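J.: I'd like to ask some things about the structure below.
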Amino acid sequence: MTTNGISISVNHASPVPPYEQLRAQLADLIAVGRLGQGTRLPSVRQLASDLGLANNTVVRAYRELETAGLVRSRRGSGTQVIAPSATTDIKAKLAEHATNYAAAARQLNATDEETLAAIRHALATLDTS
C-alpha cells in the first residue's frame, strides 16, 4: 500500500503479527521524518482495506503508536503524527526494536535468559569491535 508516497506492506506469512509489522513500519517512517508532524494517517478502515487486514489490527497498531507518543488519535479528525522530543524518539526507537527482537525470540521459543544473554553478547561484541 502506498500513502503520501510512502509504501507500507504486511507479510501475512511472517511470524511477526500483522499489527506489529504495521506499527514498526509506521514508527520507522515517523522516526526518520518521512511522516512528519501533522501528517494525517489513513483511516483505520481505509488502511485495513488496503492491506487486507481486520480493522482491529490497524486499531491496535495505531493504539501502540499513540502509547509510544508518536501519533494522536481524535474521534472525527483521525490519527495524526506528533513530533516526539529527541529523547522520546530514542526511547521509542529502542522500544520498537526491543519489541521486534522479543517477538522474534518468542517465535524461536527462547527463554528470557537466552534472549537477554544474546543481547548482552551482541553489545559486548560491538564494544570490542
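Residue numbering restarts at 1 for every chain of the C-alpha cells, chains are lettered A, B, ... in their displayed order, and ligands are numbered from 1 as they appear.
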Which of range 39-107 of chain A counts as strand (DSSP E or B) under DSSP, as a VMD selection string please?

T.: chain A and resid 40 71 to 74 78 to 81

J.: Near Thr39 in chain A, counting only C-alpha atoms, which residues have an atom at most 9 Å away, once you skip same-chain residues fewer than 2 positions from it, shown as an NGL selection string?

T.: :A and (35-37 or 41 or 79-82)

J.: Could you write out, as an NGL selection string, all the residues of chain A that DSSP marks as helix (DSSP H, G or I)?

T.: :A and (18-31 or 44-51 or 55-67 or 86-107 or 112-127)

J.: Near range 31-34 of chain A, counting only C-alpha atoms, which residues have an atom at most 8 Å away, once you skip same-chain residues fewer than 2 positions from it, shown as a PyMOL selection string?

T.: chain A and resi 6+27-29+36+89+93

J.: Keeping only C-alpha atoms, take the residues you just selected and write them out as a PDB file, in the first residue's frame.

T.:
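Output saved as out_15.pdb:
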ATOM      1  CA  ILE A   6       5.216   6.030   1.479  1.00  0.00           C
ATOM      2  CA  ALA A  27       7.226   4.135  13.721  1.00  0.00           C
ATOM      3  CA  ASP A  28      10.296   3.898  11.459  1.00  0.00           C
ATOM      4  CA  LEU A  29       8.752   6.301   8.935  1.00  0.00           C
ATOM      5  CA  GLY A  36       6.310  14.453   9.693  1.00  0.00           C
ATOM      6  CA  ASP A  89      12.467   9.459  19.809  1.00  0.00           C
ATOM      7  CA  LYS A  93      13.175   3.511  18.629  1.00  0.00           C
TER       8      LYS A  93
END

J.: Hey, what's within 12 Å of range 63-65 of chain A if we count only C-alpha atoms and toss same-chain stuff fewer than 2 positions away? As a PyMOL selection string, please?

T.: chain A and resi 19-31+41+44+56-61+67-74+79-82+84+89+92-93+95-96+99

J.: One number please: CA of Pro42 in chain A to CA of His12 in chain A, in Å, one decimal.

T.: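 Straight-line distance from CA of Pro42 in chain A to CA of His12 in chain A works out to 20.2 Å.
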
J.: Excluding same-chain residues fewer than 3 positions from range 115-123 of chain A, what lies within 10 Å of it counting only C-alpha atoms, as JSON, numbers by chain?

T.: {"A": [98, 101, 102, 104, 105, 106, 108, 109, 110, 111, 112, 126, 127, 128]}

J.: With N, CA, C and O atoms retained, write the just-selected residues as an mmCIF file, in the first residue's frame.

T.:
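Saved the output as selection_27.cif:
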data_model
loop_
_atom_site.group_PDB
_atom_site.id
_atom_site.type_symbol
_atom_site.label_atom_id
_atom_site.label_comp_id
_atom_site.auth_asym_id
_atom_site.auth_seq_id
_atom_site.Cartn_x
_atom_site.Cartn_y
_atom_site.Cartn_z
ATOM 1 N N ALA A 98 13.327 -3.384 20.549
ATOM 2 C CA ALA A 98 13.246 -4.386 21.602
ATOM 3 C C ALA A 98 12.000 -5.245 21.439
ATOM 4 O O ALA A 98 12.042 -6.469 21.611
ATOM 5 N N TYR A 101 12.584 -7.633 18.576
ATOM 6 C CA TYR A 101 13.510 -8.683 18.997
ATOM 7 C C TYR A 101 12.812 -9.674 19.934
ATOM 8 O O TYR A 101 12.943 -10.889 19.780
ATOM 9 N N ALA A 102 12.054 -9.147 20.886
ATOM 10 C CA ALA A 102 11.343 -10.012 21.832
ATOM 11 C C ALA A 102 10.336 -10.905 21.096
ATOM 12 O O ALA A 102 10.205 -12.092 21.405
ATOM 13 N N ALA A 104 10.540 -11.922 17.989
ATOM 14 C CA ALA A 104 11.312 -12.935 17.256
ATOM 15 C C ALA A 104 11.809 -14.018 18.211
ATOM 16 O O ALA A 104 11.772 -15.217 17.894
ATOM 17 N N ALA A 105 12.259 -13.614 19.397
ATOM 18 C CA ALA A 105 12.744 -14.576 20.388
ATOM 19 C C ALA A 105 11.614 -15.510 20.826
ATOM 20 O O ALA A 105 11.825 -16.719 20.992
ATOM 21 N N ARG A 106 10.416 -14.951 21.011
ATOM 22 C CA ARG A 106 9.268 -15.777 21.400
ATOM 23 C C ARG A 106 8.943 -16.795 20.304
ATOM 24 O O ARG A 106 8.610 -17.932 20.585
ATOM 25 N N LEU A 108 10.992 -18.165 18.395
ATOM 26 C CA LEU A 108 12.033 -19.203 18.461
ATOM 27 C C LEU A 108 11.916 -20.046 19.732
ATOM 28 O O LEU A 108 12.711 -20.955 19.953
ATOM 29 N N ASN A 109 10.956 -19.695 20.588
ATOM 30 C CA ASN A 109 10.780 -20.361 21.889
ATOM 31 C C ASN A 109 11.997 -20.207 22.789
ATOM 32 O O ASN A 109 12.296 -21.092 23.591
ATOM 33 N N ALA A 110 12.700 -19.087 22.654
ATOM 34 C CA ALA A 110 13.854 -18.806 23.513
ATOM 35 C C ALA A 110 13.349 -18.375 24.888
ATOM 36 O O ALA A 110 12.316 -17.714 25.003
ATOM 37 N N THR A 111 14.103 -18.742 25.912
ATOM 38 C CA THR A 111 13.754 -18.301 27.260
ATOM 39 C C THR A 111 14.149 -16.833 27.418
ATOM 40 O O THR A 111 14.921 -16.294 26.624
ATOM 41 N N ASP A 112 13.641 -16.214 28.482
ATOM 42 C CA ASP A 112 14.017 -14.819 28.748
ATOM 43 C C ASP A 112 15.525 -14.707 28.951
ATOM 44 O O ASP A 112 16.152 -13.764 28.462
ATOM 45 N N LEU A 126 29.980 -5.625 20.019
ATOM 46 C CA LEU A 126 30.106 -4.284 19.450
ATOM 47 C C LEU A 126 31.154 -3.462 20.189
ATOM 48 O O LEU A 126 31.872 -2.674 19.576
ATOM 49 N N ASP A 127 31.220 -3.646 21.517
ATOM 50 C CA ASP A 127 32.187 -2.882 22.321
ATOM 51 C C ASP A 127 33.633 -3.264 22.019
ATOM 52 O O ASP A 127 34.524 -2.464 22.209
ATOM 53 N N THR A 128 33.842 -4.486 21.553
ATOM 54 C CA THR A 128 35.208 -4.941 21.269
ATOM 55 C C THR A 128 35.593 -4.738 19.807
ATOM 56 O O THR A 128 36.714 -5.027 19.426
#
